[in-house]
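Peer 1: Have a peek at coords.pdb (PDB, C-alpha atoms, pLDDT in the B column).
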ATOM      1  CA  MET A   1     156.461  47.712 191.594  1.00 50.00           C
ATOM      2  CA  VAL A   2     155.836  49.938 188.571  1.00 59.00           C
ATOM      3  CA  SER A   3     158.446  49.603 185.838  1.00 68.00           C
ATOM      4  CA  ARG A   4     160.155  52.648 184.409  1.00 84.00           C
ATOM      5  CA  ARG A   5     159.355  53.869 180.911  1.00 92.00           C
ATOM      6  CA  GLU A   6     158.675  57.139 179.149  1.00 94.00           C
ATOM      7  CA  THR A   7     155.011  58.168 179.224  1.00 96.00           C
ATOM      8  CA  TRP A   8     152.883  61.075 178.009  1.00 95.00           C
ATOM      9  CA  THR A   9     149.677  62.747 179.108  1.00 97.00           C
ATOM     10  CA  THR A  10     147.526  65.652 177.950  1.00 96.00           C
ATOM     11  CA  GLU A  11     146.663  68.607 180.165  1.00 95.00           C
ATOM     12  CA  GLU A  12     142.931  67.911 180.082  1.00 96.00           C
ATOM     13  CA  PHE A  13     142.849  64.132 180.496  1.00 97.00           C
ATOM     14  CA  GLY A  14     145.932  63.708 182.712  1.00 96.00           C
ATOM     15  CA  THR A  15     146.684  60.224 184.005  1.00 96.00           C
ATOM     16  CA  SER A  16     143.299  58.926 182.828  1.00 98.00           C
ATOM     17  CA  HIS A  17     144.996  58.548 179.447  1.00 97.00           C
ATOM     18  CA  THR A  18     148.699  57.947 179.978  1.00 97.00           C
ATOM     19  CA  GLY A  19     150.393  56.980 176.739  1.00 98.00           C
ATOM     20  CA  ALA A  20     153.564  54.967 176.138  1.00 98.00           C
ATOM     21  CA  VAL A  21     155.376  52.962 173.482  1.00 98.00           C
ATOM     22  CA  GLU A  22     155.210  49.230 174.169  1.00 98.00           C
ATOM     23  CA  ALA A  23     157.504  46.523 172.781  1.00 98.00           C
ATOM     24  CA  VAL A  24     155.878  43.481 171.179  1.00 98.00           C
ATOM     25  CA  LEU A  25     157.692  40.157 170.662  1.00 98.00           C
ATOM     26  CA  ALA A  26     157.561  38.000 167.523  1.00 97.00           C
ATOM     27  CA  ASP A  27     154.913  35.731 169.083  1.00 97.00           C
ATOM     28  CA  GLY A  28     152.646  38.720 169.736  1.00 97.00           C
ATOM     29  CA  THR A  29     153.221  38.848 173.496  1.00 97.00           C
ATOM     30  CA  VAL A  30     154.449  41.783 175.550  1.00 97.00           C
ATOM     31  CA  PRO A  31     157.786  41.157 177.287  1.00 97.00           C
ATOM     32  CA  ASN A  32     158.132  41.330 181.049  1.00 94.00           C
ATOM     33  CA  PRO A  33     160.020  44.254 182.564  1.00 94.00           C
ATOM     34  CA  VAL A  34     163.763  43.680 182.687  1.00 92.00           C
ATOM     35  CA  TYR A  35     166.251  44.363 185.453  1.00 87.00           C
ATOM     36  CA  PHE A  36     169.753  45.725 185.017  1.00 75.00           C
ATOM     37  CA  ASP A  37     172.323  45.264 187.752  1.00 67.00           C
ATOM     38  CA  SER A  38     172.802  48.583 189.494  1.00 61.00           C
ATOM     39  CA  GLY A  39     176.110  47.459 190.967  1.00 59.00           C
ATOM     40  CA  SER A  40     174.752  47.464 194.508  1.00 54.00           C
ATOM     41  CA  GLY A  41     173.560  43.869 194.382  1.00 53.00           C
ATOM     42  CA  GLY A  42     169.885  44.864 194.467  1.00 54.00           C
ATOM     43  CA  GLY A  43     169.193  44.052 190.836  1.00 59.00           C
ATOM     44  CA  GLY A  44     168.051  47.589 189.976  1.00 70.00           C
ATOM     45  CA  ASP A  45     164.577  48.873 189.165  1.00 80.00           C
ATOM     46  CA  PRO A  46     162.338  47.132 186.598  1.00 90.00           C
ATOM     47  CA  VAL A  47     162.441  48.789 183.163  1.00 93.00           C
ATOM     48  CA  SER A  48     159.923  48.403 180.339  1.00 95.00           C
ATOM     49  CA  GLN A  49     161.083  51.211 178.055  1.00 96.00           C
ATOM     50  CA  TRP A  50     160.609  49.890 174.510  1.00 97.00           C
ATOM     51  CA  SER A  51     164.182  50.648 173.444  1.00 96.00           C
ATOM     52  CA  VAL A  52     165.792  48.239 175.949  1.00 96.00           C
ATOM     53  CA  TYR A  53     164.357  45.200 174.162  1.00 97.00           C
ATOM     54  CA  ASP A  54     167.208  44.762 171.701  1.00 96.00           C
ATOM     55  CA  GLY A  55     168.100  41.149 172.556  1.00 95.00           C
ATOM     56  CA  ARG A  56     171.700  42.015 173.337  1.00 92.00           C
ATOM     57  CA  TRP A  57     171.597  40.717 176.885  1.00 87.00           C
ATOM     58  CA  PRO A  58     170.838  37.089 177.773  1.00 86.00           C
ATOM     59  CA  HIS A  59     167.834  38.089 179.895  1.00 87.00           C
ATOM     60  CA  VAL A  60     166.497  40.697 177.445  1.00 94.00           C
ATOM     61  CA  PRO A  61     164.310  39.543 174.498  1.00 96.00           C
ATOM     62  CA  ARG A  62     164.292  41.323 171.142  1.00 97.00           C
ATOM     63  CA  ALA A  63     161.203  43.277 170.137  1.00 98.00           C
ATOM     64  CA  ALA A  64     159.693  42.532 166.752  1.00 98.00           C
ATOM     65  CA  ALA A  65     157.479  45.612 166.768  1.00 98.00           C
ATOM     66  CA  VAL A  66     156.307  48.540 168.851  1.00 98.00           C
ATOM     67  CA  ARG A  67     152.861  49.982 169.410  1.00 98.00           C
ATOM     68  CA  ALA A  68     151.254  52.800 171.336  1.00 98.00           C
ATOM     69  CA  VAL A  69     149.282  51.908 174.458  1.00 98.00           C
ATOM     70  CA  CYS A  70     147.169  53.913 176.871  1.00 98.00           C
ATOM     71  CA  SER A  71     146.376  53.466 180.549  1.00 96.00           C
ATOM     72  CA  CYS A  72     142.678  53.234 179.594  1.00 96.00           C
ATOM     73  CA  GLY A  73     143.373  49.895 177.886  1.00 97.00           C
ATOM     74  CA  TRP A  74     143.566  51.114 174.287  1.00 98.00           C
ATOM     75  CA  ALA A  75     146.374  49.787 172.075  1.00 98.00           C
ATOM     76  CA  GLY A  76     147.375  51.035 168.645  1.00 98.00           C
ATOM     77  CA  PRO A  77     148.596  49.155 165.560  1.00 98.00           C
ATOM     78  CA  GLU A  78     151.979  47.467 165.567  1.00 98.00           C
ATOM     79  CA  HIS A  79     154.910  49.074 163.769  1.00 98.00           C
ATOM     80  CA  LEU A  80     157.491  46.476 162.730  1.00 98.00           C
ATOM     81  CA  LEU A  81     161.182  46.839 163.536  1.00 98.00           C
ATOM     82  CA  ASP A  82     163.470  45.901 160.648  1.00 97.00           C
ATOM     83  CA  TRP A  83     166.413  44.282 162.397  1.00 97.00           C
ATOM     84  CA  GLU A  84     168.324  43.767 159.166  1.00 96.00           C
ATOM     85  CA  THR A  85     168.401  47.538 158.788  1.00 96.00           C
ATOM     86  CA  ILE A  86     168.866  48.225 162.513  1.00 96.00           C
ATOM     87  CA  GLY A  87     171.849  45.889 162.803  1.00 95.00           C
ATOM     88  CA  ASP A  88     174.158  47.035 165.605  1.00 94.00           C
ATOM     89  CA  GLN A  89     172.635  50.496 165.901  1.00 96.00           C
ATOM     90  CA  ASP A  90     171.192  51.693 169.170  1.00 96.00           C
ATOM     91  CA  LEU A  91     167.488  50.765 169.114  1.00 97.00           C
ATOM     92  CA  ALA A  92     166.403  54.089 170.610  1.00 95.00           C
ATOM     93  CA  GLU A  93     167.816  55.858 167.537  1.00 96.00           C
ATOM     94  CA  ALA A  94     167.239  53.210 164.873  1.00 97.00           C
ATOM     95  CA  GLY A  95     163.608  52.724 165.919  1.00 97.00           C
ATOM     96  CA  ASP A  96     162.878  56.419 166.288  1.00 96.00           C
ATOM     97  CA  GLU A  97     160.616  56.482 163.207  1.00 97.00           C
ATOM     98  CA  GLN A  98     158.462  53.654 164.569  1.00 98.00           C
ATOM     99  CA  ALA A  99     158.324  55.304 167.996  1.00 97.00           C
ATOM    100  CA  ASP A 100     157.222  58.574 166.409  1.00 97.00           C
ATOM    101  CA  ALA A 101     154.451  56.690 164.603  1.00 98.00           C
ATOM    102  CA  CYS A 102     153.306  55.334 167.979  1.00 98.00           C
ATOM    103  CA  ASP A 103     153.292  58.863 169.350  1.00 97.00           C
ATOM    104  CA  ARG A 104     151.012  59.977 166.512  1.00 98.00           C
ATOM    105  CA  ASP A 105     148.754  56.963 167.049  1.00 98.00           C
ATOM    106  CA  TRP A 106     148.305  57.853 170.711  1.00 98.00           C
ATOM    107  CA  TYR A 107     147.512  61.493 169.975  1.00 97.00           C
ATOM    108  CA  GLY A 108     144.961  60.237 167.447  1.00 98.00           C
ATOM    109  CA  HIS A 109     143.485  58.165 170.281  1.00 98.00           C
ATOM    110  CA  THR A 110     143.207  61.229 172.538  1.00 98.00           C
ATOM    111  CA  ASP A 111     141.467  63.070 169.686  1.00 97.00           C
ATOM    112  CA  GLN A 112     138.939  60.224 169.594  1.00 97.00           C
ATOM    113  CA  VAL A 113     138.510  60.454 173.379  1.00 97.00           C
ATOM    114  CA  GLU A 114     137.900  64.188 173.106  1.00 96.00           C
ATOM    115  CA  ALA A 115     135.295  63.555 170.408  1.00 97.00           C
ATOM    116  CA  THR A 116     133.288  61.404 172.854  1.00 96.00           C
ATOM    117  CA  THR A 117     133.247  64.008 175.634  1.00 98.00           C
ATOM    118  CA  VAL A 118     130.385  66.398 176.274  1.00 97.00           C
ATOM    119  CA  PRO A 119     130.757  69.205 173.696  1.00 97.00           C
ATOM    120  CA  LEU A 120     131.329  72.777 174.767  1.00 96.00           C
ATOM    121  CA  PRO A 121     129.414  75.588 173.079  1.00 97.00           C
ATOM    122  CA  GLU A 122     131.566  77.378 170.503  1.00 97.00           C
ATOM    123  CA  SER A 123     131.011  80.651 172.359  1.00 98.00           C
ATOM    124  CA  VAL A 124     132.585  79.198 175.518  1.00 97.00           C
ATOM    125  CA  THR A 125     135.502  77.632 173.646  1.00 96.00           C
ATOM    126  CA  SER A 126     136.214  80.901 171.833  1.00 98.00           C
ATOM    127  CA  LEU A 127     136.088  82.912 175.045  1.00 97.00           C
ATOM    128  CA  LEU A 128     138.514  80.522 176.767  1.00 96.00           C
ATOM    129  CA  VAL A 129     140.974  80.714 173.864  1.00 97.00           C
ATOM    130  CA  GLN A 130     140.686  84.497 173.721  1.00 98.00           C
ATOM    131  CA  LEU A 131     141.164  84.827 177.459  1.00 97.00           C
ATOM    132  CA  GLU A 132     144.288  82.650 177.406  1.00 97.00           C
ATOM    133  CA  GLU A 133     145.738  84.716 174.561  1.00 98.00           C
ATOM    134  CA  GLU A 134     144.977  87.998 176.355  1.00 98.00           C
ATOM    135  CA  ILE A 135     146.669  86.850 179.571  1.00 98.00           C
ATOM    136  CA  ASP A 136     149.679  85.610 177.586  1.00 98.00           C
ATOM    137  CA  ARG A 137     149.996  89.078 176.050  1.00 98.00           C
ATOM    138  CA  LEU A 138     149.563  90.697 179.457  1.00 98.00           C
ATOM    139  CA  THR A 139     152.387  88.529 180.830  1.00 98.00           C
ATOM    140  CA  ARG A 140     154.808  90.161 178.380  1.00 97.00           C
ATOM    141  CA  THR A 141     153.923  93.685 179.500  1.00 97.00           C
ATOM    142  CA  SER A 142     152.918  93.253 183.141  1.00 98.00           C
ATOM    143  CA  PRO A 143     153.561  89.837 184.682  1.00 98.00           C
ATOM    144  CA  VAL A 144     152.086  90.821 188.027  1.00 98.00           C
ATOM    145  CA  ALA A 145     148.850  91.905 186.345  1.00 98.00           C
ATOM    146  CA  ALA A 146     148.780  88.526 184.589  1.00 98.00           C
ATOM    147  CA  VAL A 147     149.150  86.827 187.965  1.00 98.00           C
ATOM    148  CA  ARG A 148     146.190  88.824 189.249  1.00 98.00           C
ATOM    149  CA  ALA A 149     144.182  87.804 186.188  1.00 98.00           C
ATOM    150  CA  ALA A 150     145.109  84.142 186.739  1.00 97.00           C
ATOM    151  CA  ARG A 151     143.995  84.440 190.351  1.00 97.00           C
ATOM    152  CA  ARG A 152     140.682  85.951 189.248  1.00 97.00           C
ATOM    153  CA  LEU A 153     140.269  82.954 186.947  1.00 96.00           C
ATOM    154  CA  GLU A 154     140.807  80.627 189.902  1.00 96.00           C
ATOM    155  CA  VAL A 155     138.123  82.467 191.883  1.00 97.00           C
ATOM    156  CA  VAL A 156     135.665  82.245 189.004  1.00 96.00           C
ATOM    157  CA  ALA A 157     136.458  78.549 188.454  1.00 95.00           C
ATOM    158  CA  GLU A 158     135.922  77.781 192.133  1.00 95.00           C
ATOM    159  CA  ARG A 159     132.607  79.606 192.165  1.00 96.00           C
ATOM    160  CA  VAL A 160     131.056  78.212 188.989  1.00 97.00           C
ATOM    161  CA  GLY A 161     132.677  74.803 189.445  1.00 97.00           C
ATOM    162  CA  TYR A 162     131.024  74.350 192.829  1.00 97.00           C
ATOM    163  CA  TRP A 163     127.474  74.467 191.481  1.00 97.00           C
ATOM    164  CA  ALA A 164     128.362  72.665 188.262  1.00 98.00           C
ATOM    165  CA  ALA A 165     129.940  69.758 190.165  1.00 98.00           C
ATOM    166  CA  ARG A 166     126.996  69.418 192.533  1.00 97.00           C
ATOM    167  CA  ALA A 167     124.484  69.515 189.689  1.00 98.00           C
ATOM    168  CA  THR A 168     126.506  66.903 187.794  1.00 98.00           C
ATOM    169  CA  ALA A 169     126.560  64.642 190.855  1.00 96.00           C
ATOM    170  CA  ASN A 170     122.774  64.935 191.070  1.00 96.00           C
ATOM    171  CA  ASP A 171     122.241  64.201 187.367  1.00 97.00           C
ATOM    172  CA  LEU A 172     124.852  61.515 186.636  1.00 97.00           C
ATOM    173  CA  ASP A 173     126.587  58.658 188.404  1.00 97.00           C
ATOM    174  CA  THR A 174     130.386  58.607 188.463  1.00 96.00           C
ATOM    175  CA  LYS A 175     130.697  56.283 185.473  1.00 97.00           C
ATOM    176  CA  GLN A 176     128.465  58.482 183.317  1.00 98.00           C
ATOM    177  CA  ALA A 177     130.274  61.654 184.377  1.00 98.00           C
ATOM    178  CA  ALA A 178     133.659  60.068 183.691  1.00 98.00           C
ATOM    179  CA  ALA A 179     132.628  59.106 180.157  1.00 97.00           C
ATOM    180  CA  GLN A 180     131.449  62.616 179.352  1.00 98.00           C
ATOM    181  CA  LEU A 181     134.599  64.189 180.805  1.00 98.00           C
ATOM    182  CA  GLY A 182     137.021  61.780 179.130  1.00 98.00           C
ATOM    183  CA  LEU A 183     138.393  60.651 182.504  1.00 98.00           C
ATOM    184  CA  ASN A 184     138.542  57.393 184.401  1.00 97.00           C
ATOM    185  CA  GLU A 185     136.111  57.016 187.276  1.00 97.00           C
ATOM    186  CA  GLU A 186     138.673  57.754 189.994  1.00 96.00           C
ATOM    187  CA  ALA A 187     139.784  60.972 188.307  1.00 97.00           C
ATOM    188  CA  ALA A 188     136.187  62.057 187.695  1.00 97.00           C
ATOM    189  CA  ARG A 189     135.265  61.381 191.326  1.00 96.00           C
ATOM    190  CA  LYS A 190     138.226  63.423 192.578  1.00 96.00           C
ATOM    191  CA  LEU A 191     137.514  66.291 190.170  1.00 97.00           C
ATOM    192  CA  LEU A 192     133.877  66.560 191.169  1.00 97.00           C
ATOM    193  CA  ALA A 193     134.794  66.293 194.852  1.00 96.00           C
ATOM    194  CA  ARG A 194     137.380  69.064 194.532  1.00 95.00           C
ATOM    195  CA  LEU A 195     135.067  71.398 192.660  1.00 96.00           C
ATOM    196  CA  GLY A 196     132.000  70.508 194.754  1.00 96.00           C
ATOM    197  CA  ARG A 197     134.020  70.640 197.996  1.00 94.00           C
ATOM    198  CA  TRP A 198     133.105  67.281 199.422  1.00 94.00           C
ATOM    199  CA  SER A 199     135.256  64.354 200.415  1.00 88.00           C
ATOM    200  CA  SER A 200     136.264  62.113 197.491  1.00 74.00           C
ATOM    201  CA  TYR A 201     135.902  59.163 199.899  1.00 70.00           C
ATOM    202  CA  ARG A 202     132.249  59.695 200.693  1.00 62.00           C
TER     203      ARG A 202
END
Rewrite the structure of this file - the entire thing - as structure tokens.
Peer 2:
Amino acid sequence: MVSRRETWTTEEFGTSHTGAVEAVLADGTVPNPVYFDSGSGGGGDPVSQWSVYDGRWPHVPRAAAVRAVCSCGWAGPEHLLDWETIGDQDLAEAGDEQADACDRDWYGHTDQVEATTVPLPESVTSLLVQLEEEIDRLTRTSPVAAVRAARRLEVVAERVGYWAARATANDLDTKQAAAQLGLNEEAARKLLARLGRWSSYR
């Protein structure tokens, strides 16, 4: 069962790079998810949100630090929690500065991921930005026209994506394509299958 905690993703990389803040104990280990009695006798769902590790329950250890982690396996530097300063404050509020630092670390990680992807020509990047801005402006004056423009974009993406996906599948294996797209292999396989219109299970 997956434990509950706050996570983040980017639009481009999606769940291939899911970020979160992780609690770290004084001995350097990561605590197990904890359960809180839901009152129904079932023990509740497992929780691994960093801010629950305040040591105020017998079964809940106290975090010594927090760090950013990513579903790709990356982990950021530890940010220490000063319990003398935190005292009886709620950890979610008292540790907000450290959590924000983790958030910045993870976004720095996604910047590094983006830097390893296949580069787009500046002309293409500029056209995409300009097109997005133009449709945003159109939305303010004629939403229905903006919808038509968005639909035209879908048609174009389906058409050019079909040949691009099939050419990529001919040139690269899934692992190579995933690395250049900044995705995990499963996500890359599904993306190419969707654009190339073949089964992702082939």
Peer 1: With 12 Å as the cut-off and all atoms listed in the file counted, what is the closest atom pair between each nearby residue of range 82-133 of chain A and range 147-158 of chain A? Distances in Å to one decimal, ordered by chain and number, as CSV.
Peer 2:
residue,atom,partner,partner_atom,distance
A:Leu128,CA,A:Leu153,CA,10.6
A:Leu131,CA,A:Ala149,CA,9.7
A:Glu132,CA,A:Ala150,CA,9.5
Peer 1: Please return as a list in words every residue within 12 Å of (163.5, 38.5, 170.4), taking into account only C-alpha atoms and the file's own coordinates.
Peer 2: Ala23, Val24, Leu25, Ala26, Asp27, Gly28, Thr29, Val30, Pro31, Val52, Tyr53, Asp54, Gly55, Arg56, Trp57, Pro58, His59, Val60, Pro61, Arg62, Ala63, Ala64, Ala65, Leu81 and Trp83 of chain A
Peer 1: When you count only C-alpha atoms, which of these residues is closest to Leu183 in chain A: A:Ala165, A:Val160, A:Cys72, A:Leu127?
Peer 2: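 Checking each candidate against Leu183 in chain A, we get A:Cys72 as the closest.
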Peer 1: Write out as an mmCIF file with C-alpha atoms, in the coordinates of the input the residues lying within 8 Å of Gln180 in chain A, counting all atoms listed in the file and excluding same-chain residues fewer than 4 positions away.
Peer 2:
data_model
loop_
_atom_site.group_PDB
_atom_site.id
_atom_site.type_symbol
_atom_site.label_atom_id
_atom_site.label_comp_id
_atom_site.auth_asym_id
_atom_site.auth_seq_id
_atom_site.Cartn_x
_atom_site.Cartn_y
_atom_site.Cartn_z
ATOM 1 C CA THR A 116 133.288 61.404 172.854
ATOM 2 C CA THR A 117 133.247 64.008 175.634
ATOM 3 C CA VAL A 118 130.385 66.398 176.274
ATOM 4 C CA GLN A 176 128.465 58.482 183.317
#
Peer 1: Please list as an NGL selection string every residue within 10 Å of Ala115 in chain A, counting only C-alpha atoms and excluding residues in the same chain fewer than 5 positions away.
Peer 2: :A and (109-110 or 180 or 182)
Peer 1: For CA of Trp8 in chain A and CA of Gly87 in chain A, quote the distance in Å rounded to one decimal.
Peer 2: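 Separation between CA of Trp8 in chain A and CA of Gly87 in chain A: 28.7 Å.
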Peer 1: Find the residue from A:Gly95, A:Gln130, A:Arg4, A:Thr139 that sits nearest to Tyr35 in chain A; use all atoms listed in the file when measuring.
Peer 2: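 Of the candidates, the smallest distance to Tyr35 in chain A is held by A:Arg4.
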Peer 1: Could you please determine the separation between CA of Cys102 in chain A and CA of Pro33 in chain A in Å, to one decimal place?
Peer 2: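 Pair CA of Cys102 in chain A / CA of Pro33 in chain A returns 19.5 Å.
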Peer 1: CA of Gly76 in chain A to CA of Asp105 in chain A: how many Å, to one decimal?
Peer 2: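 Distance reported for this atom pair: 6.3 Å.
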Peer 1: Determine the nearest neighbour of Ala193 in chain A from the options A:Lys175, A:Ala164, A:Leu181, A:Thr18, counting only C-alpha atoms.
Peer 2: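 Closest to Ala193 in chain A of all the choices is A:Ala164.
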Peer 1: Need the axis-aligned box for range 123-139 of chain A with 3 Å each side, so what are the centre and edges in Å to one decimal, as JSON?
Peer 2:
{"center_x": 141.7, "center_y": 84.2, "center_z": 176.3, "size_x": 27.4, "size_y": 19.1, "size_z": 15.0}
Peer 1: From the list A:Ser16, A:Arg5, A:Ser123, A:Ala101, which residue is nearest Val34 in chain A when using only C-alpha atoms?
Peer 2: A:Arg5
Peer 1: Show which residues sit within 8 Å of Arg189 in chain A, as an MDAnalysis selection string. Count only C-alpha atoms, and ignore same-chain residues fewer than 5 positions away.
Peer 2: chainID A and resid 174 178 200
Peer 1: To verify the selection step, state as a list in words which residues the PyMOL selection byres ((chain A and resi 103) around 10) yields on this input.
Peer 2: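 This file, filtered by the PyMOL selection byres ((chain A and resi 103) around 10), leaves Trp8, Gly19, Ala20, Val21, Arg67, Ala68, Val69, Gly76, Glu97, Gln98, Ala99, Asp100, Ala101, Cys102, Arg104, Asp105, Trp106, Tyr107, Gly108 and His109 of chain A.
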Peer 1: Ranking A:Leu195, A:Ala146, A:Gly73, A:Glu12 by minimum distance to Ala167 in chain A and counting all atoms listed in the file, which one comes first?
Peer 2: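 The closest residue to Ala167 in chain A is A:Leu195.
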Peer 1: In terms of the shortest atom-to-atom distance over only C-alpha atoms, which of A:Leu172, A:Glu22, A:Thr125, A:Pro119 is closest to Ala188 in chain A?
Peer 2: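 Closest to Ala188 in chain A, using only C-alpha atoms: A:Leu172.
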